[in-house]
file target-v1.tsv (TSV, C-alpha atoms)
chain	number	residue	atom	x	y	z
A	1	MET	CA	-10.90	-13.97	-32.74
A	2	LYS	CA	-8.80	-14.05	-29.58
A	3	LYS	CA	-5.18	-14.95	-30.19
A	4	ALA	CA	-3.53	-17.70	-28.16
A	5	THR	CA	-1.03	-16.24	-25.71
A	6	SER	CA	0.13	-19.21	-23.63
A	7	LEU	CA	1.22	-22.81	-24.19
A	8	SER	CA	-2.01	-24.14	-22.70
A	9	GLU	CA	-4.07	-22.03	-25.11
A	10	LEU	CA	-2.02	-23.48	-27.98
A	11	GLY	CA	-2.98	-26.97	-26.89
A	12	PHE	CA	0.28	-27.91	-25.13
A	13	ASP	CA	-0.05	-29.54	-21.71
A	14	ALA	CA	2.89	-28.12	-19.78
A	15	ASN	CA	2.14	-29.98	-16.55
A	16	GLY	CA	5.11	-32.15	-15.70
A	17	ALA	CA	7.01	-31.05	-18.82
A	18	SER	CA	10.17	-30.40	-16.83
A	19	SER	CA	10.41	-34.10	-15.90
A	20	GLY	CA	11.78	-34.75	-19.38
A	21	PHE	CA	14.74	-32.49	-18.68
A	22	PHE	CA	15.42	-32.80	-14.94
A	23	ARG	CA	15.67	-35.83	-12.69
A	24	PRO	CA	14.63	-35.51	-9.04
A	25	VAL	CA	17.53	-35.96	-6.61
A	26	SER	CA	17.59	-37.58	-3.21
A	27	ASP	CA	18.91	-35.93	-0.06
A	28	GLY	CA	20.88	-39.09	0.75
A	29	MET	CA	18.61	-40.14	3.62
A	30	ASP	CA	15.66	-41.62	1.75
A	31	SER	CA	14.17	-41.79	-1.70
A	32	THR	CA	11.94	-38.77	-1.19
A	33	PRO	CA	12.69	-35.98	-3.69
A	34	THR	CA	13.89	-32.68	-2.31
A	35	SER	CA	10.55	-31.04	-2.96
A	36	HIS	CA	9.84	-31.10	0.76
A	37	HIS	CA	12.62	-28.54	1.20
A	38	ARG	CA	10.83	-25.97	-0.90
A	39	ARG	CA	10.20	-22.67	0.79
A	40	ARG	CA	6.67	-21.42	1.15
A	41	LEU	CA	5.65	-19.43	-1.92
A	42	THR	CA	4.28	-15.91	-1.50
A	43	LYS	CA	1.31	-14.52	-3.41
A	44	VAL	CA	0.44	-10.87	-3.86
A	45	SER	CA	-2.84	-9.73	-5.41
A	46	VAL	CA	-3.32	-6.27	-6.90
A	47	ILE	CA	-6.93	-5.14	-7.24
A	48	GLY	CA	-7.14	-2.54	-9.98
A	49	ALA	CA	-4.99	-2.65	-13.13
A	50	GLY	CA	-4.91	1.09	-13.70
A	51	ASN	CA	-1.81	3.26	-13.72
A	52	VAL	CA	-1.23	2.94	-9.97
A	53	GLY	CA	-1.97	-0.79	-9.82
A	54	MET	CA	0.36	-1.60	-12.70
A	55	ALA	CA	3.14	0.61	-11.30
A	56	ILE	CA	2.86	-1.35	-8.05
A	57	ALA	CA	2.78	-4.72	-9.83
A	58	GLN	CA	5.75	-3.75	-11.96
A	59	THR	CA	7.92	-2.64	-9.03
A	60	ILE	CA	7.01	-5.75	-7.01
A	61	LEU	CA	7.88	-7.85	-10.05
A	62	THR	CA	11.23	-6.22	-10.82
A	63	ARG	CA	12.26	-6.35	-7.16
A	64	ASP	CA	11.39	-10.06	-7.01
A	65	LEU	CA	9.17	-9.67	-3.94
A	66	ALA	CA	6.57	-12.33	-4.76
A	67	ASP	CA	6.38	-15.78	-6.35
A	68	GLU	CA	2.91	-15.14	-7.76
A	69	ILE	CA	1.12	-11.92	-8.66
A	70	ALA	CA	-2.61	-11.91	-9.33
A	71	LEU	CA	-4.18	-8.96	-11.13
A	72	VAL	CA	-7.89	-8.14	-10.93
A	73	ASP	CA	-9.76	-5.49	-12.88
A	74	ALA	CA	-13.33	-4.91	-14.03
A	75	LEU	CA	-12.22	-4.19	-17.62
A	76	PRO	CA	-11.29	-7.51	-19.29
A	77	ASP	CA	-9.58	-6.05	-22.38
A	78	LYS	CA	-7.51	-3.64	-20.31
A	79	LEU	CA	-6.54	-6.48	-17.97
A	80	ARG	CA	-5.59	-8.82	-20.80
A	81	GLY	CA	-3.49	-6.12	-22.43
A	82	GLU	CA	-1.55	-5.48	-19.22
A	83	MET	CA	-0.98	-9.21	-18.73
A	84	LEU	CA	0.29	-9.63	-22.29
A	85	ASP	CA	2.67	-6.71	-21.81
A	86	LEU	CA	4.13	-8.26	-18.65
A	87	GLN	CA	4.32	-11.73	-20.22
A	88	HIS	CA	6.25	-10.35	-23.18
A	89	ALA	CA	8.77	-8.91	-20.70
A	90	ALA	CA	9.09	-12.21	-18.81
A	91	ALA	CA	12.47	-13.06	-20.31
A	92	PHE	CA	13.99	-10.00	-18.66
A	93	LEU	CA	12.30	-10.30	-15.26
A	94	PRO	CA	12.55	-12.54	-12.18
A	95	ARG	CA	10.57	-15.77	-12.44
A	96	THR	CA	7.15	-14.86	-11.10
A	97	HIS	CA	3.88	-16.60	-11.92
A	98	LEU	CA	1.37	-14.10	-13.30
A	99	VAL	CA	-2.39	-14.67	-13.26
A	100	SER	CA	-5.32	-12.36	-13.92
A	101	ASP	CA	-9.10	-12.37	-13.97
A	102	THR	CA	-12.10	-10.13	-13.57
A	103	ASP	CA	-13.30	-12.54	-10.88
A	104	MET	CA	-11.97	-12.05	-7.36
A	105	SER	CA	-11.51	-15.81	-6.91
A	106	VAL	CA	-8.12	-15.50	-8.67
A	107	THR	CA	-6.84	-13.88	-5.46
A	108	ARG	CA	-7.48	-17.03	-3.40
A	109	GLY	CA	-4.68	-17.80	-0.96
A	110	SER	CA	-3.04	-14.37	-1.11
A	111	ASP	CA	-0.50	-13.37	1.50
A	112	LEU	CA	-0.99	-9.71	0.67
A	113	ALA	CA	-3.88	-8.02	-1.14
A	114	ILE	CA	-3.30	-4.48	-2.42
A	115	VAL	CA	-6.39	-2.46	-3.33
A	116	THR	CA	-5.80	0.34	-5.81
A	117	ALA	CA	-9.20	0.26	-7.52
A	118	GLY	CA	-11.14	3.48	-7.43
A	119	ALA	CA	-12.33	6.50	-9.32
A	120	ARG	CA	-9.49	8.60	-10.70
A	121	GLN	CA	-8.91	11.85	-8.89
A	122	ILE	CA	-9.98	14.85	-10.95
A	123	PRO	CA	-7.61	17.87	-11.08
A	124	GLY	CA	-8.57	20.18	-8.22
A	125	GLU	CA	-10.63	17.53	-6.46
A	126	THR	CA	-9.75	16.81	-2.82
A	127	ARG	CA	-9.23	13.24	-1.70
A	128	LEU	CA	-12.25	13.41	0.58
A	129	ASN	CA	-14.50	14.28	-2.35
A	130	LEU	CA	-13.71	10.88	-3.81
A	131	LEU	CA	-15.26	9.14	-0.84
A	132	GLN	CA	-18.81	8.33	-1.91
A	133	ARG	CA	-17.75	7.13	-5.36
A	134	ASN	CA	-15.30	4.67	-3.89
A	135	VAL	CA	-17.30	3.32	-0.94
A	136	ALA	CA	-19.77	1.60	-3.30
A	137	LEU	CA	-16.85	-0.04	-5.10
A	138	PHE	CA	-15.34	-1.28	-1.84
A	139	ARG	CA	-18.64	-2.97	-0.97
A	140	LYS	CA	-17.96	-5.28	-3.92
A	141	ILE	CA	-14.24	-5.77	-3.41
A	142	VAL	CA	-13.55	-6.17	0.31
A	143	PRO	CA	-16.04	-8.92	1.28
A	144	ALA	CA	-14.85	-10.99	-1.71
A	145	LEU	CA	-11.21	-10.61	-0.65
A	146	ALA	CA	-12.13	-11.59	2.90
A	147	GLU	CA	-13.83	-14.71	1.59
A	148	HIS	CA	-10.98	-15.89	-0.62
A	149	SER	CA	-8.00	-14.81	1.53
A	150	PRO	CA	-9.10	-14.35	5.15
A	151	ASP	CA	-5.50	-14.59	6.42
A	152	ALA	CA	-4.12	-11.99	4.02
A	153	ILE	CA	-2.65	-8.63	4.92
A	154	LEU	CA	-4.84	-5.97	3.32
A	155	LEU	CA	-3.11	-2.85	2.02
A	156	ILE	CA	-5.30	0.04	0.88
A	157	VAL	CA	-3.89	2.52	-1.64
A	158	SER	CA	-7.12	4.02	-3.06
A	159	ASN	CA	-7.95	7.59	-2.04
A	160	PRO	CA	-9.13	8.95	0.34
A	161	VAL	CA	-6.89	6.31	1.85
A	162	ASP	CA	-7.55	6.79	5.59
A	163	VAL	CA	-11.33	6.76	5.30
A	164	LEU	CA	-11.30	3.85	2.84
A	165	THR	CA	-9.11	1.87	5.25
A	166	TYR	CA	-11.84	2.42	7.84
A	167	VAL	CA	-14.41	1.33	5.24
A	168	ALA	CA	-12.42	-1.82	4.44
A	169	TRP	CA	-12.11	-2.58	8.16
A	170	LYS	CA	-15.86	-2.32	8.62
A	171	LEU	CA	-16.82	-4.21	5.47
A	172	SER	CA	-14.37	-7.06	6.03
A	173	GLY	CA	-15.90	-8.06	9.34
A	174	SER	CA	-12.27	-7.98	10.53
A	175	PRO	CA	-11.21	-11.42	9.23
A	176	PHE	CA	-7.90	-10.03	8.01
A	177	ARG	CA	-4.91	-10.23	10.29
A	178	PHE	CA	-4.58	-6.48	9.94
A	179	LEU	CA	-5.25	-3.63	7.58
A	180	LEU	CA	-3.00	-0.77	6.73
A	181	ALA	CA	-2.94	2.05	4.26
A	182	GLU	CA	-0.03	3.35	2.23
A	183	HIS	CA	1.28	6.83	2.98
A	184	LEU	CA	4.11	8.68	1.32
A	185	ASP	CA	6.50	10.28	3.80
A	186	VAL	CA	9.07	12.96	3.09
A	187	ASN	CA	12.16	10.80	3.56
A	188	ALA	CA	15.07	11.29	1.18
A	189	GLN	CA	17.90	8.89	1.97
A	190	ASP	CA	19.29	10.01	5.36
A	191	VAL	CA	16.87	12.90	5.84
A	192	ASN	CA	13.86	11.90	7.94
A	193	ALA	CA	10.73	13.84	8.78
A	194	TYR	CA	7.35	12.24	9.34
A	195	MET	CA	3.98	13.32	8.01
A	196	VAL	CA	1.20	11.99	10.25
A	197	GLY	CA	-2.57	12.29	10.43
A	198	GLU	CA	-4.72	12.36	7.32
A	199	HIS	CA	-3.13	11.52	3.98
A	200	GLY	CA	-4.30	14.81	2.55
A	201	ASP	CA	-5.14	18.39	3.36
A	202	SER	CA	-5.04	18.16	7.17
A	203	SER	CA	-1.81	16.13	7.38
A	204	VAL	CA	0.64	17.13	10.10
A	205	ALA	CA	4.37	17.61	9.55
A	206	VAL	CA	6.16	16.47	12.71
A	207	TRP	CA	9.06	18.89	12.45
A	208	SER	CA	10.28	17.96	15.93
A	209	THR	CA	11.40	14.60	14.45
A	210	LEU	CA	13.38	16.17	11.59
A	211	SER	CA	16.81	14.54	11.52
A	212	VAL	CA	19.77	13.90	9.28
A	213	ALA	CA	21.59	10.59	9.79
A	214	GLY	CA	19.73	10.21	13.08
A	215	MET	CA	20.73	13.62	14.45
A	216	PRO	CA	18.04	16.24	15.27
A	217	VAL	CA	18.53	19.33	13.12
A	218	LEU	CA	15.48	21.58	13.47
A	219	LYS	CA	16.84	23.72	16.30
A	220	SER	CA	20.21	24.27	14.66
A	221	LEU	CA	18.55	25.12	11.33
A	222	GLN	CA	16.31	27.69	12.97
A	223	GLU	CA	19.27	29.21	14.82
A	224	SER	CA	21.49	29.40	11.73
A	225	HIS	CA	18.85	30.33	9.15
A	226	SER	CA	16.54	33.21	10.03
A	227	SER	CA	14.25	32.25	7.13
A	228	PHE	CA	13.62	28.78	8.59
A	229	GLY	CA	10.60	29.88	10.64
A	230	GLU	CA	6.99	28.76	10.99
A	231	GLU	CA	5.99	30.29	7.66
A	232	ALA	CA	8.74	28.43	5.81
A	233	LEU	CA	7.88	25.15	7.54
A	234	GLU	CA	4.21	25.53	6.65
A	235	GLY	CA	5.23	26.23	3.06
A	236	ILE	CA	7.17	22.96	2.95
A	237	ARG	CA	4.23	21.05	4.47
A	238	ARG	CA	1.86	22.59	1.96
A	239	ALA	CA	4.20	21.67	-0.90
A	240	VAL	CA	4.22	18.03	0.23
A	241	VAL	CA	0.42	17.98	0.48
A	242	ASP	CA	-0.01	19.65	-2.91
A	243	SER	CA	2.67	17.64	-4.72
A	244	ALA	CA	0.21	14.96	-5.85
A	245	TYR	CA	-2.21	17.60	-7.09
A	246	GLU	CA	0.58	19.17	-9.15
A	247	VAL	CA	1.47	15.83	-10.76
A	248	ILE	CA	-2.22	15.13	-11.48
A	249	GLY	CA	-2.57	18.55	-13.06
A	250	LEU	CA	0.46	17.94	-15.30
A	251	LYS	CA	0.05	14.30	-16.38
A	252	GLY	CA	-3.43	13.34	-15.20
A	253	TYR	CA	-2.48	10.84	-12.49
A	254	THR	CA	0.24	9.74	-10.07
A	255	SER	CA	1.77	6.27	-10.22
A	256	TRP	CA	5.52	5.73	-9.98
A	257	ALA	CA	6.18	7.25	-6.57
A	258	ILE	CA	3.25	5.23	-5.22
A	259	GLY	CA	4.54	2.07	-6.90
A	260	TYR	CA	7.98	2.32	-5.32
A	261	SER	CA	6.58	3.35	-1.95
A	262	VAL	CA	4.22	0.35	-1.88
A	263	ALA	CA	7.05	-1.96	-2.97
A	264	ASN	CA	8.99	-0.83	0.10
A	265	LEU	CA	6.01	-1.71	2.28
A	266	VAL	CA	5.69	-5.11	0.57
A	267	SER	CA	9.38	-5.80	1.21
A	268	SER	CA	9.07	-4.94	4.91
A	269	LEU	CA	5.95	-7.07	5.28
A	270	LEU	CA	6.77	-10.22	3.33
A	271	ARG	CA	10.46	-10.28	4.25
A	272	ASP	CA	9.80	-9.50	7.91
A	273	GLN	CA	12.20	-6.56	7.89
A	274	ARG	CA	10.57	-4.83	10.89
A	275	ARG	CA	11.21	-1.38	9.45
A	276	ILE	CA	9.35	1.78	10.46
A	277	HIS	CA	6.85	3.20	7.97
A	278	PRO	CA	4.17	5.87	8.38
A	279	VAL	CA	0.99	3.91	7.61
A	280	SER	CA	-2.66	4.40	8.42
A	281	VAL	CA	-3.60	2.45	11.55
A	282	LEU	CA	-6.50	2.47	13.99
A	283	ALA	CA	-5.47	5.51	16.04
A	284	ALA	CA	-8.07	5.51	18.82
A	285	GLY	CA	-6.31	6.19	22.13
A	286	PHE	CA	-3.14	7.63	20.58
A	287	HIS	CA	-2.10	11.22	21.35
A	288	GLY	CA	-5.37	12.11	23.06
A	289	ILE	CA	-7.63	10.80	20.27
A	290	PRO	CA	-10.77	9.50	22.07
A	291	ASP	CA	-10.90	5.73	22.59
A	292	ASP	CA	-14.37	5.55	21.09
A	293	HIS	CA	-13.33	7.29	17.84
A	294	GLU	CA	-12.61	4.47	15.39
A	295	VAL	CA	-10.47	6.57	13.09
A	296	PHE	CA	-7.60	5.48	10.87
A	297	LEU	CA	-4.72	7.89	10.27
A	298	SER	CA	-1.02	7.82	9.63
A	299	LEU	CA	1.40	7.04	12.46
A	300	PRO	CA	4.91	5.52	12.32
A	301	ALA	CA	4.53	1.75	12.68
A	302	ARG	CA	6.90	-1.21	12.71
A	303	LEU	CA	6.00	-3.67	9.95
A	304	GLY	CA	6.83	-7.36	9.61
A	305	ARG	CA	5.45	-10.65	8.34
A	306	ALA	CA	2.65	-10.58	10.90
A	307	GLY	CA	1.58	-7.09	9.86
A	308	VAL	CA	1.73	-4.09	12.16
A	309	LEU	CA	4.01	-5.15	15.00
A	310	GLY	CA	3.73	-1.91	16.94
A	311	VAL	CA	3.04	1.79	16.65
A	312	ALA	CA	5.72	4.28	17.67
A	313	ASP	CA	4.82	6.36	20.71
A	314	MET	CA	6.12	9.63	19.30
A	315	GLU	CA	6.87	12.66	21.44
A	316	LEU	CA	4.97	15.51	19.82
A	317	THR	CA	4.99	19.19	20.65
A	318	ASP	CA	1.76	20.72	21.93
A	319	GLU	CA	1.11	22.29	18.53
A	320	GLU	CA	1.76	19.01	16.68
A	321	THR	CA	-0.60	17.19	19.04
A	322	ARG	CA	-3.28	19.83	18.51
A	323	ARG	CA	-2.99	19.53	14.74
A	324	LEU	CA	-3.04	15.74	14.86
A	325	ARG	CA	-6.23	15.75	16.94
A	326	ARG	CA	-7.78	18.21	14.50
A	327	SER	CA	-6.83	15.93	11.61
A	328	ALA	CA	-8.36	12.97	13.47
A	329	LYS	CA	-11.55	14.98	14.06
A	330	THR	CA	-11.81	15.74	10.33
A	331	LEU	CA	-11.48	12.06	9.44
A	332	TRP	CA	-13.84	10.99	12.21
A	333	GLU	CA	-16.54	13.35	11.00
A	334	ASN	CA	-16.21	12.00	7.46
A	335	THR	CA	-16.45	8.36	8.53
A	336	GLN	CA	-19.59	9.08	10.54
A	337	LEU	CA	-21.33	10.17	7.34
A	338	LEU	CA	-21.04	6.62	6.02
A	339	GLY	CA	-23.26	4.96	8.59
A	340	LEU	CA	-21.17	1.77	8.68
call {"tool": "encode", "arguments": {"input": "target-v1.tsv", "output": "structure tokens"}}
result
Amino acid sequence: MKKATSLSELGFDANGASSGFFRPVSDGMDSTPTSHHRRRLTKVSVIGAGNVGMAIAQTILTRDLADEIALVDALPDKLRGEMLDLQHAAAFLPRTHLVSDTDMSVTRGSDLAIVTAGARQIPGETRLNLLQRNVALFRKIVPALAEHSPDAILLIVSNPVDVLTYVAWKLSGSPFRFLLAEHLDVNAQDVNAYMVGEHGDSSVAVWSTLSVAGMPVLKSLQESHSSFGEEALEGIRRAVVDSAYEVIGLKGYTSWAIGYSVANLVSSLLRDQRRIHPVSVLAAGFHGIPDDHEVFLSLPARLGRAGVLGVADMELTDEETRRLRRSAKTLWENTQLLGL
């Protein structure tokens, strides 16, 4: 027998209950209550209540970034358990309305829809090998999201993230205001260095942008440290690419870094902060990528309430440009196998 977990399930009608405790006040100009001054509420939906989805929901919740969070998952018992866990923590968290269902209709009216659903990456498996298993899933998810929240921002987190952003773009019929995919960069406080291209094996480290507190440092590092050569730089790039694989090998999955990274994106989007993030965008025409190649890959973009407000026109070295085009070619060839 299912236990009751809310007032409504216990038979208590909570609608209008606050009227017994609070009286509406007038603004002094007419008798209309101040409800017309209420700000517009924001709704975020998270599709997939696995480790990544719940890490994202938890960080959004604790940072008070949404008024309503909707969770969707295909496993009803798993979903109910996650909801109960969050509800039990409600006394210690910002006031956010939580809803969940296995039906996508619970996402109706979302401002932002975050898709994390997908097959879990197997240790040693590349992100691109996940492709075929996840495309079939997206055929069920994306059209339903487009139907219930056509004005939402769609954020793809599932791997392989660049190709699945392309898949979502194709399957949605482009009703969304924009699509973007989450990428982890290598920023640590005041140290900035962008990773662009594929979120995976062919990603490109743009070492020419390496800076500390806004000051370029690559040249001075190479002049003062003889070991800071091409081999060392490639070793750092490889370590960034392989870091997720290492975590997966040790604990079976990645979640917390993704959760906090996505929460930063959510903050920039819903609070119109206009910050720069490396996210997967339609890159045709950028840095010599052919205009007819509909490929999504990571480039630094300015994000705000309307979505992607602009893509940074980075100055790349010849080698960085060559590697970026090679990364785009890899992704392009993979998307062509889908026949979308």
call {"tool": "atom_distance", "arguments": {"input": "target-v1.tsv", "atom1": "CA of Leu75 in chain A", "atom2": "CA of Gln58 in chain A"}}
result
18.8 Å
call {"tool": "closest_residue", "arguments": {"input": "target-v1.tsv", "among": "A:Asp292, A:Asp101, A:Asp111, A:Asp151", "to": "Ala70 in chain A", "atoms": "all atoms listed in the file"}}
result
A:Asp101
call {"tool": "closest_residue", "arguments": {"input": "target-v1.tsv", "among": "A:Thr42, A:Gln336, A:Ser243, A:Gln121", "to": "Thr96 in chain A", "atoms": "only C-alpha atoms"}}
result
A:Thr42
call {"tool": "atom_distance", "arguments": {"input": "target-v1.tsv", "atom1": "CA of Asp73 in chain A", "atom2": "CA of Ala117 in chain A"}}
result
7.9 Å
call {"tool": "atom_distance", "arguments": {"input": "target-v1.tsv", "atom1": "CA of Thr59 in chain A", "atom2": "CA of Val99 in chain A"}}
result
16.4 Å
call {"tool": "closest_residue", "arguments": {"input": "target-v1.tsv", "among": "A:Asn334, A:Ser172, A:Ser267, A:Ser158", "to": "Lys140 in chain A", "atoms": "only C-alpha atoms"}}
result
A:Ser172
call {"tool": "closest_residue", "arguments": {"input": "target-v1.tsv", "among": "A:Glu125, A:Glu320, A:Asp103, A:Glu231", "to": "Tyr194 in chain A", "atoms": "only C-alpha atoms"}}
result
A:Glu320
call {"tool": "closest_residue", "arguments": {"input": "target-v1.tsv", "among": "A:Arg139, A:Arg237, A:Arg120, A:Arg40", "to": "Asn159 in chain A", "atoms": "only C-alpha atoms"}}
result
A:Arg120
call {"tool": "axis_aligned_box", "arguments": {"input": "target-v1.tsv", "around": "range 280-286 of chain A", "padding_each_side": "8 Å", "output": "AutoDock Vina command-line options"}}
result
--center_x -5.4 --center_y 5.0 --center_z 15.3 --size_x 21.4 --size_y 21.2 --size_z 29.7
call {"tool": "closest_residue", "arguments": {"input": "target-v1.tsv", "among": "A:Glu246, A:Asp313, A:Asp162, A:Asp64", "to": "Val279 in chain A", "atoms": "only C-alpha atoms"}}
result
A:Asp162
call {"tool": "residues_around", "arguments": {"input": "target-v1.tsv", "residues": "range 322-325 of chain A", "least_positions_apart": "3", "cutoff": "8 Å", "atoms": "all atoms listed in the file", "output": "list in words"}}
result
Val196, Gly197, Ser202, Ser203, Val204, His287, Gly288, Ile289, Asp318, Glu319, Ala328 and Lys329 of chain A
call {"tool": "residues_near_point", "arguments": {"input": "target-v1.tsv", "point": "(3.8, -5.5, -1.0)", "cutoff": "10 Å", "atoms": "only C-alpha atoms", "output": "JSON, numbers by chain"}}
result
{"A": [43, 44, 45, 46, 56, 57, 59, 60, 65, 66, 111, 112, 113, 114, 153, 154, 155, 259, 260, 261, 262, 263, 264, 265, 266, 267, 268, 269, 270, 271]}
call {"tool": "build_atoms", "arguments": {"input": "target-v1.tsv", "residues": "range 153-169 of chain A", "atoms": "N, CA, C and O atoms", "output": "short mmCIF file (atom, residue, chain, number, x, y, z; two decimals), keeping the file's coordinate frame"}}
result
data_model
loop_
_atom_site.label_atom_id
_atom_site.label_comp_id
_atom_site.auth_asym_id
_atom_site.auth_seq_id
_atom_site.Cartn_x
_atom_site.Cartn_y
_atom_site.Cartn_z
N ILE A 153 -2.84 -10.02 4.50
CA ILE A 153 -2.65 -8.63 4.92
C ILE A 153 -3.32 -7.78 3.85
O ILE A 153 -3.12 -7.99 2.65
N LEU A 154 -4.13 -6.83 4.26
CA LEU A 154 -4.84 -5.97 3.32
C LEU A 154 -4.21 -4.58 3.33
O LEU A 154 -4.15 -3.93 4.37
N LEU A 155 -3.76 -4.14 2.17
CA LEU A 155 -3.11 -2.85 2.02
C LEU A 155 -3.96 -1.98 1.10
O LEU A 155 -4.19 -2.31 -0.06
N ILE A 156 -4.44 -0.86 1.63
CA ILE A 156 -5.30 0.04 0.88
C ILE A 156 -4.47 1.19 0.32
O ILE A 156 -3.74 1.86 1.06
N VAL A 157 -4.61 1.43 -0.99
CA VAL A 157 -3.89 2.52 -1.64
C VAL A 157 -4.87 3.54 -2.22
O VAL A 157 -4.53 4.70 -2.44
N SER A 158 -6.11 3.14 -2.47
CA SER A 158 -7.12 4.02 -3.06
C SER A 158 -7.38 5.22 -2.16
O SER A 158 -7.38 5.13 -0.94
N ASN A 159 -7.64 6.37 -2.79
CA ASN A 159 -7.95 7.59 -2.04
C ASN A 159 -9.45 7.82 -1.90
O ASN A 159 -10.21 7.43 -2.79
N PRO A 160 -9.90 8.46 -0.81
CA PRO A 160 -9.13 8.95 0.34
C PRO A 160 -8.73 7.78 1.24
O PRO A 160 -9.57 7.08 1.80
N VAL A 161 -7.43 7.57 1.35
CA VAL A 161 -6.89 6.31 1.85
C VAL A 161 -7.25 6.03 3.31
O VAL A 161 -7.53 4.90 3.67
N ASP A 162 -7.26 7.04 4.17
CA ASP A 162 -7.55 6.79 5.59
C ASP A 162 -9.00 6.37 5.79
O ASP A 162 -9.30 5.41 6.51
N VAL A 163 -9.91 7.08 5.17
CA VAL A 163 -11.33 6.76 5.30
C VAL A 163 -11.65 5.42 4.66
O VAL A 163 -12.42 4.62 5.20
N LEU A 164 -11.03 5.12 3.51
CA LEU A 164 -11.30 3.85 2.84
C LEU A 164 -10.68 2.68 3.60
O LEU A 164 -11.16 1.55 3.50
N THR A 165 -9.63 2.92 4.37
CA THR A 165 -9.11 1.87 5.25
C THR A 165 -10.13 1.56 6.34
O THR A 165 -10.37 0.40 6.68
N TYR A 166 -10.74 2.61 6.88
CA TYR A 166 -11.84 2.42 7.84
C TYR A 166 -12.98 1.65 7.19
O TYR A 166 -13.54 0.71 7.79
N VAL A 167 -13.33 2.02 5.96
CA VAL A 167 -14.41 1.33 5.24
C VAL A 167 -14.08 -0.14 5.07
O VAL A 167 -14.92 -1.03 5.31
N ALA A 168 -12.84 -0.43 4.64
CA ALA A 168 -12.42 -1.82 4.44
C ALA A 168 -12.48 -2.59 5.75
O ALA A 168 -12.87 -3.77 5.79
N TRP A 169 -12.07 -1.96 6.83
CA TRP A 169 -12.11 -2.58 8.16
C TRP A 169 -13.53 -2.97 8.54
O TRP A 169 -13.79 -4.07 9.02
#
